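Asks: My file is final.txt. It has compact mmCIF, C-alpha atoms:
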```txt
# COMPACT_ATOMS: atom_id res chain seq x y z
CA MET P 1 0.00 0.00 0.00
CA THR P 2 1.05 3.59 -0.57
CA GLN P 3 3.12 4.80 2.37
CA LEU P 4 3.32 8.28 3.76
CA SER P 5 6.57 9.50 5.31
CA LYS P 6 6.62 9.23 9.10
CA MET P 7 6.03 12.95 9.54
CA GLU P 8 3.22 12.96 6.96
CA GLY P 9 1.69 9.99 8.78
CA LEU P 10 1.88 11.75 12.14
CA LEU P 11 0.31 14.94 10.80
CA THR P 12 -2.41 13.06 8.91
CA ARG P 13 -3.28 11.18 12.07
CA GLN P 14 -3.26 14.41 14.06
CA PHE P 15 -5.62 15.98 11.50
CA PHE P 16 -8.20 13.17 11.52
CA ASP P 17 -7.89 11.74 15.03
CA ASP P 18 -10.65 13.85 16.57
CA GLY P 19 -13.53 11.36 16.42
CA LEU P 20 -15.52 13.35 13.86
CA LEU P 21 -14.60 10.94 11.05
CA ASP P 22 -15.62 8.00 13.27
CA MET P 23 -19.02 9.62 13.96
CA PHE P 24 -19.48 10.46 10.30
CA VAL P 25 -18.66 6.91 9.16
CA GLY P 26 -20.75 5.44 11.98
CA VAL P 27 -23.83 7.49 11.13
CA GLY P 28 -23.35 6.62 7.44
CA LEU P 29 -23.19 2.89 8.21
CA ALA P 30 -26.19 3.12 10.53
CA LEU P 31 -28.21 4.83 7.77
CA ILE P 32 -27.15 2.13 5.28
CA GLY P 33 -28.23 -0.51 7.79
CA ILE P 34 -31.59 1.19 8.35
CA ALA P 35 -32.13 1.51 4.58
CA TRP P 36 -31.34 -2.21 4.21
CA LEU P 37 -33.73 -3.21 6.98
CA SER P 38 -36.44 -1.02 5.44
CA GLY P 39 -36.10 -2.97 2.22
CA LEU P 40 -34.47 0.01 0.47
CA VAL P 41 -31.03 -1.50 -0.15
CA ALA P 42 -30.48 0.74 -3.19
CA LEU P 43 -31.10 3.81 -1.03
CA GLY P 44 -28.22 2.67 1.20
CA ALA P 45 -25.90 2.94 -1.79
CA ILE P 46 -26.51 6.68 -2.09
CA VAL P 47 -25.94 7.40 1.61
CA PRO P 48 -22.21 8.25 1.09
CA ALA P 49 -23.11 10.65 -1.74
CA VAL P 50 -25.76 12.32 0.42
CA MET P 51 -23.44 12.62 3.42
CA MET P 52 -20.26 13.82 1.68
CA PRO P 53 -21.37 17.48 1.24
CA PHE P 54 -21.81 17.72 5.03
CA TRP P 55 -18.24 16.65 5.81
CA LYS P 56 -16.42 19.93 5.12
CA PRO P 57 -18.95 22.28 6.78
CA LEU P 58 -19.06 19.99 9.83
CA ARG P 59 -15.27 19.99 10.10
CA GLN P 60 -15.15 23.76 9.68
CA LYS P 61 -17.77 24.25 12.37
CA LEU P 62 -16.76 21.63 14.94
CA THR P 63 -13.09 20.77 14.56
CA GLU P 64 -11.18 23.47 12.73
CA PRO P 65 -11.75 26.23 15.32
CA HIS P 66 -9.74 24.02 17.71
CA ILE P 67 -7.28 22.12 15.55
CA GLY P 68 -6.91 24.48 12.60
CA THR P 69 -6.39 23.44 9.03
CA VAL P 70 -3.54 22.14 6.97
CA ASP P 71 -2.99 21.98 3.26
CA PHE P 72 -1.03 18.81 2.62
CA SER P 73 1.54 18.72 -0.16
CA ALA P 74 0.62 17.67 -3.70
CA SER P 75 2.61 14.42 -3.26
CA HIS P 76 0.66 13.65 -0.07
CA LYS P 77 -2.67 14.19 -1.86
CA LYS P 78 -1.46 12.01 -4.76
CA LYS P 79 -0.48 9.23 -2.34
CA GLY P 80 -3.92 9.51 -0.72
CA LYS P 81 -5.69 9.18 -4.06
CA GLU P 82 -3.46 6.22 -5.03
CA ALA P 83 -4.19 4.46 -1.74
CA LEU P 84 -7.94 5.08 -2.10
CA THR P 85 -7.93 3.80 -5.70
CA LYS P 86 -6.02 0.65 -4.70
CA TRP P 87 -8.41 -0.14 -1.87
CA VAL P 88 -11.50 0.50 -3.99
CA ALA P 89 -10.01 -1.81 -6.66
CA PHE P 90 -9.24 -4.40 -3.97
CA GLY P 91 -12.83 -4.18 -2.68
CA ILE P 92 -14.20 -4.65 -6.20
CA VAL P 93 -11.92 -7.65 -6.79
CA VAL P 94 -13.04 -9.24 -3.50
CA LEU P 95 -16.70 -8.63 -4.40
CA VAL P 96 -16.27 -10.07 -7.92
CA VAL P 97 -14.41 -13.12 -6.58
CA GLU P 98 -17.08 -13.71 -3.93
CA VAL P 99 -19.98 -13.35 -6.40
CA SER P 100 -18.20 -15.51 -9.01
CA ALA P 101 -17.48 -18.17 -6.42
CA LEU P 102 -21.13 -18.18 -5.35
CA PHE P 103 -22.34 -18.55 -8.94
CA ALA P 104 -19.81 -21.32 -9.51
CA PHE P 105 -20.89 -23.17 -6.36
CA ASN P 106 -24.56 -22.84 -7.33
CA ARG P 107 -23.88 -24.29 -10.78
CA VAL P 108 -21.66 -27.20 -9.81
CA SER P 109 -23.62 -27.73 -6.59
CA LEU P 110 -20.88 -29.58 -4.82
CA SER P 111 -22.52 -30.63 -1.62
CA SER P 112 -19.16 -30.52 0.15
CA LEU P 113 -18.99 -26.78 -0.57
CA ASP P 114 -22.58 -26.02 0.39
CA PHE P 115 -21.45 -24.50 3.66
CA LEU P 116 -19.96 -21.61 1.68
CA LYS P 117 -23.46 -20.54 0.64
CA ASP P 118 -24.26 -20.13 4.32
CA LEU P 119 -21.57 -17.46 4.56
CA VAL P 120 -23.41 -15.16 2.13
CA PRO P 121 -25.17 -13.04 4.81
CA ALA P 122 -21.77 -12.09 6.25
CA LEU P 123 -20.41 -10.82 2.91
CA PRO P 124 -21.68 -7.20 3.19
CA SER P 125 -20.02 -6.90 6.59
CA VAL P 126 -16.76 -8.34 5.28
CA LEU P 127 -16.86 -5.87 2.38
CA ILE P 128 -17.47 -2.98 4.80
CA ALA P 129 -14.52 -4.14 6.89
CA ILE P 130 -12.16 -3.62 3.92
CA PRO P 131 -12.42 0.20 3.69
CA LEU P 132 -12.49 0.46 7.48
CA THR P 133 -9.21 -1.46 7.71
CA ALA P 134 -7.77 0.55 4.81
CA THR P 135 -8.63 3.74 6.69
CA ALA P 136 -6.87 2.39 9.79
CA LEU P 137 -3.73 1.63 7.79
CA TYR P 138 -3.68 4.89 5.85
CA LEU P 139 -4.53 7.27 8.69
CA LYS P 140 -2.64 5.17 11.27
CA ILE P 141 -5.72 5.28 13.50
CA GLY P 142 -6.10 1.83 15.06
CA ARG P 143 -9.74 2.40 16.03
CA PHE P 144 -10.77 1.89 12.42
CA ALA P 145 -9.24 -1.59 12.46
CA LEU P 146 -11.42 -2.24 15.52
CA TYR P 147 -14.48 -1.08 13.56
CA GLY P 148 -13.48 -3.41 10.71
CA THR P 149 -13.15 -6.29 13.18
CA LEU P 150 -16.53 -5.39 14.71
CA SER P 151 -18.09 -5.41 11.24
CA VAL P 152 -16.73 -8.91 10.56
CA PHE P 153 -17.82 -10.02 14.05
CA PHE P 154 -21.39 -8.77 13.57
CA GLY P 155 -21.41 -10.31 10.09
CA PHE P 156 -20.52 -13.71 11.49
CA ILE P 157 -23.05 -13.35 14.32
CA LEU P 158 -25.64 -13.57 11.51
CA LEU P 159 -24.39 -17.05 10.70
CA VAL P 160 -24.97 -18.27 14.23
CA ASP P 161 -28.44 -19.55 14.98
CA THR P 162 -29.39 -17.08 17.71
CA GLY P 163 -33.12 -17.68 17.37
CA ILE P 164 -33.54 -14.02 16.31
CA ASN P 165 -34.13 -13.29 12.65
CA LEU P 166 -31.07 -11.14 11.89
CA GLU P 167 -30.29 -9.72 8.45
CA PRO P 168 -27.12 -8.17 6.98
CA GLY P 169 -28.74 -4.77 7.64
CA HIS P 170 -28.63 -5.48 11.37
CA ALA P 171 -24.90 -6.20 11.25
CA ILE P 172 -24.27 -2.95 9.34
CA LEU P 173 -26.49 -1.01 11.75
CA PHE P 174 -24.71 -2.44 14.82
CA THR P 175 -21.29 -1.65 13.32
CA GLY P 176 -22.46 1.88 12.54
CA VAL P 177 -23.88 2.49 16.01
CA CYS P 178 -20.70 1.17 17.72
CA THR P 179 -18.49 3.27 15.42
CA ALA P 180 -20.57 6.42 16.02
CA LEU P 181 -20.64 5.90 19.80
CA ILE P 182 -16.88 5.34 20.06
CA GLY P 183 -16.37 8.34 17.77
CA PHE P 184 -18.61 10.44 20.00
CA GLY P 185 -16.48 9.49 23.02
CA VAL P 186 -13.27 10.39 21.20
CA PHE P 187 -14.79 13.65 19.97
CA ARG P 188 -15.88 14.62 23.48
CA HIS P 189 -12.36 13.95 24.76
CA PHE P 190 -10.93 15.97 21.86
CA LEU P 191 -13.19 18.94 22.67
CA GLN P 192 -12.27 18.83 26.37
CA ASN P 193 -8.56 18.88 25.52
CA ALA P 194 -9.06 21.61 22.93
CA HIS P 195 -10.94 23.82 25.40
CA GLU P 196 -8.18 23.33 27.98
CA MET P 197 -5.60 24.29 25.38
CA ASP P 198 -7.65 27.32 24.26
CA ALA P 199 -7.92 28.41 27.89
CA GLU P 200 -4.14 28.10 28.35
CA GLY P 201 -3.52 30.16 25.21
CA MET F 1 36.64 17.61 14.93
CA LYS F 2 34.52 18.93 12.09
CA GLU F 3 31.21 17.51 13.35
CA ILE F 4 31.61 19.07 16.80
CA GLN F 5 32.68 22.41 15.32
CA GLU F 6 29.57 22.34 13.12
CA LEU F 7 27.37 21.59 16.14
CA LEU F 8 28.86 24.49 18.07
CA GLN F 9 28.26 26.78 15.12
CA ALA F 10 24.68 25.59 14.58
CA ASP F 11 22.14 28.21 13.58
CA ARG F 12 20.45 28.94 16.92
CA ILE F 13 17.27 30.07 15.17
CA VAL F 14 16.78 26.59 13.72
CA HIS F 15 18.52 24.56 16.44
CA GLU F 16 16.01 25.45 19.19
CA PRO F 17 13.70 22.38 19.62
CA ALA F 18 10.33 24.13 19.20
CA ARG F 19 11.49 26.03 16.11
CA LEU F 20 13.05 22.89 14.66
CA ALA F 21 9.73 21.08 15.16
CA ILE F 22 7.81 23.97 13.56
CA LEU F 23 10.08 23.89 10.52
CA ALA F 24 9.81 20.08 10.31
CA ILE F 25 6.00 20.30 10.26
CA LEU F 26 5.90 23.12 7.72
CA ASN F 27 8.42 21.28 5.54
CA THR F 28 5.97 18.37 5.27
CA VAL F 29 2.92 20.39 4.20
CA ASP F 30 2.14 23.17 1.74
CA THR F 31 0.63 25.43 4.37
CA ALA F 32 -0.61 24.95 7.90
CA ASP F 33 -2.50 27.41 9.99
CA PHE F 34 -1.31 28.62 13.37
CA LYS F 35 -3.88 26.52 15.25
CA PHE F 36 -2.79 23.32 13.54
CA VAL F 37 0.86 23.85 14.45
CA GLN F 38 -0.15 24.82 17.98
CA ALA F 39 -2.30 21.68 18.37
CA SER F 40 0.44 19.49 16.89
CA LEU F 41 3.13 20.77 19.24
CA GLY F 42 1.04 21.51 22.33
CA LEU F 43 2.61 24.96 22.73
CA THR F 44 0.76 27.94 24.17
CA GLN F 45 -0.37 30.65 21.77
CA GLY F 46 2.15 33.17 23.14
CA ASN F 47 5.03 30.74 23.02
CA LEU F 48 4.29 29.68 19.45
CA SER F 49 3.83 33.32 18.41
CA ALA F 50 7.27 34.19 19.74
CA HIS F 51 8.90 31.29 17.86
CA ILE F 52 7.04 32.11 14.63
CA SER F 53 8.15 35.76 14.89
CA LYS F 54 11.79 34.67 15.14
CA LEU F 55 11.45 32.31 12.18
CA GLU F 56 9.68 35.01 10.17
CA SER F 57 12.36 37.60 10.99
CA ALA F 58 15.02 35.15 9.80
CA GLY F 59 13.07 34.69 6.55
CA PHE F 60 12.48 30.98 7.21
CA VAL F 61 8.69 31.15 7.46
CA ALA F 62 6.14 33.24 5.57
CA VAL F 63 3.10 34.36 7.54
CA GLU F 64 -0.15 35.20 5.79
CA LYS F 65 -3.11 36.56 7.79
CA SER F 66 -6.67 36.38 6.53
CA PHE F 67 -10.26 35.75 7.64
CA VAL F 68 -12.29 32.58 7.14
CA GLY F 69 -15.80 33.86 7.78
CA LYS F 70 -15.48 35.72 11.08
CA ARG F 71 -12.50 33.65 12.21
CA ALA F 72 -8.98 35.04 11.90
CA CYS F 73 -6.67 32.62 10.16
CA THR F 74 -2.87 32.77 10.17
CA LYS F 75 -1.36 30.59 7.49
CA LEU F 76 2.26 29.53 7.78
CA ARG F 77 4.51 28.38 4.97
CA ILE F 78 8.18 27.42 5.03
CA SER F 79 10.34 29.49 2.69
CA LYS F 80 13.12 28.19 0.43
CA GLU F 81 15.64 29.61 2.92
CA GLY F 82 13.80 27.77 5.70
CA GLN F 83 14.00 24.50 3.80
CA GLU F 84 17.71 25.00 3.20
CA ALA F 85 18.33 25.88 6.86
CA LEU F 86 16.40 22.79 7.96
CA GLY F 87 18.41 20.67 5.51
CA ARG F 88 21.68 22.02 6.94
CA GLU F 89 20.50 21.37 10.50
CA VAL F 90 19.48 17.78 9.67
CA ALA F 91 22.81 17.11 7.93
CA MET F 92 24.71 18.58 10.87
CA MET F 93 22.74 16.54 13.41
CA LYS F 94 23.21 13.35 11.40
CA GLY F 95 26.97 13.96 11.29
CA PHE F 96 27.07 14.60 15.03
CA LEU F 97 24.89 11.59 15.92
CA LYS F 98 27.21 9.36 13.91
CA LEU F 99 29.99 10.28 16.34
CA LEU F 100 27.91 8.83 19.16
CA GLU F 101 27.31 5.51 17.42
CA ASN F 102 29.36 2.48 18.49
```
Please rewrite the model in this file as structure tokens.

Replies:
Amino acid sequence: MTQLSKMEGLLTRQFFDDGLLDMFVGVGLALIGIAWLSGLVALGAIVPAVMMPFWKPLRQKLTEPHIGTVDFSASHKKKGKEALTKWVAFGIVVLVVEVSALFAFNRVSLSSLDFLKDLVPALPSVLIAIPLTATALYLKIGRFALYGTLSVFFGFILLVDTGINLEPGHAILFTGVCTALIGFGVFRHFLQNAHEMDAEG
Amino acid sequence: MKEIQELLQADRIVHEPARLAILAILNTVDTADFKFVQASLGLTQGNLSAHISKLESAGFVAVEKSFVGKRACTKLRISKEGQEALGREVAMMKGFLKLLEN
């Protein structure tokens, strides 16, 4: 994966490690989960497009008065775009491989591989875990790896016979709620520290 | 010894830890505003202001003041001279640290 220099990595982490991104991602995932559970799966797909315009104004209003802004170098932005492109491509490859494998298993109907069909409900959660883990690696914020792990965990909970009728939308919703709540905690801590620092200044 | 002589003759403007850290941050980005540098280093406003003034007087940092809405914004950018001074400092420190290696 595309690597930032150590200093670039530190500053990138400093810039995004306020909890706002966690809350934003968490709310987005929760909305996707709700759309899924409401039978509007396609609506879930437009959630990121609907939310994106709110990102900059929210940052300007909530975070930037405390942490300021930074304009990263052109090479840093290029590395960011390269990393994003690679991870999107990786996600697409994983999706294509999974779907192809499912079609192949359905056609050959090898009874020994039937168990793989049972894994299908966990696939959306596994796919969601990919960008979450990529974010953790790129921004060097370990919490996002935790969110990715939570997503996989909730996905695999669906495969366990709990007696409750759980759908992939539930797993996405739970991941989103956990991510948003942790993000809220981090953001609160960030604001407390920022106010202390503002008072010192 | 050349390395020790170079250390003793180090540019005090750049050699001071806070100013060295400021230059290192600004050397990594295009521009950063005052708040970002302050939050990154954990310095007080007055302390950072004093260091920025020294770096600006030496021509190592360019300071641009503007308003974003109602909020005052002070953008900082490292100059070519600042990059060169930082490069010299890093080279000097590397040379000196080599003396301490076994």

Asks: Env of P:Cys178: 9 Å cut, atoms = only C-alpha atoms, seq-sep filter 5 positions within chain, self excluded. Answer as a list of chain:residue names.

Replies: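 Listing them by chain and then by number gives P:Gly26, P:Tyr147, P:Leu150, P:Leu173, P:Gly183.
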
Asks: For C-alpha atoms, I'd like the residues from the last selection saved as a PDB file, in the frame of the given file.

Replies:
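Result file selection_17.pdb:
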```
ATOM      1  CA  GLY P  26     -20.750   5.440  11.980  1.00  0.00           C
ATOM      2  CA  TYR P 147     -14.480  -1.080  13.560  1.00  0.00           C
ATOM      3  CA  LEU P 150     -16.530  -5.390  14.710  1.00  0.00           C
ATOM      4  CA  LEU P 173     -26.490  -1.010  11.750  1.00  0.00           C
ATOM      5  CA  GLY P 183     -16.370   8.340  17.770  1.00  0.00           C
TER       6      GLY P 183
END
```

Asks: Point out the residue among F:Asn102, F:Ser57, F:Ser66, F:Thr74 with the least atom-to-atom distance to chain P, counting all atoms listed in the file.

Replies: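 Residue with the minimum atom-to-atom distance to chain P: F:Thr74.
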
Asks: Compute the chain P side of the contact with chain F at 8 Å, counting all atoms listed in the file, and hand it back as a list in words.

Replies: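 Using all atoms listed in the file, chain P residues at most 8 Å from chain F: Met7, Glu8, Leu11, Gln14, Pro65, His66, Ile67, Gly68, Thr69, Val70, Asp71, Phe72, Ser73, Ala74, Met197, Glu200 and Gly201 of chain P.
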
Asks: What gap, in Å, lies between atom CA of F:Leu86 and atom CA of F:Val63?

Replies: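 Interatomic distance here is 17.6 Å.
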
Asks: Please measure the separation of atom CA of P:Phe24 and atom CA of P:Gly142, giving the value in Å to one decimal.

Replies: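 According to the coordinates, atom CA of P:Phe24 and atom CA of P:Gly142 are separated by 16.6 Å.
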
Asks: Excluding F:Ala18 and residues on its chain fewer than 2 positions from it, collect all residues at most 9 Å away from it, counting all atoms listed in the file, and give them as a list in words.

Replies: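 Here the answer would be Val14, His15, Glu16, Leu20, Ala21, Ile22, Leu23, Leu41, Leu43, Leu48 and His51 of chain F.
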
Asks: Which residue gives the smallest distance to F:Gln5 among F:Ile52, F:Met92, F:Phe67, F:Ser79, with all atoms listed in the file counted?

Replies: F:Met92

Asks: Any idea what the distance is between atom CA of P:Leu119 and atom CA of P:Leu166?

Replies: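 Separation between atom CA of P:Leu119 and atom CA of P:Leu166: 13.6 Å.
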
Asks: Can you tell me which residues surround stretch 154-156 of chain P at a distance of at most 7 Å, considering all atoms listed in the file, apart from same-chain residues fewer than 3 positions away, and format the answer as a ChimeraX atom specification?

Replies: /P:122,125-126,150-151,159-160,168,171

Asks: Which is closer to F:Ser49 than all the others in F:Arg19, F:Lys2, F:Glu101, F:Ile13, using only C-alpha atoms?

Replies: F:Arg19

Asks: Which one of P:Pro57, P:Val93, P:Gly176, P:Asp18 sits closest to P:Gln192 if you count all atoms listed in the file?

Replies: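 Residue with the minimum atom-to-atom distance to P:Gln192: P:Asp18.
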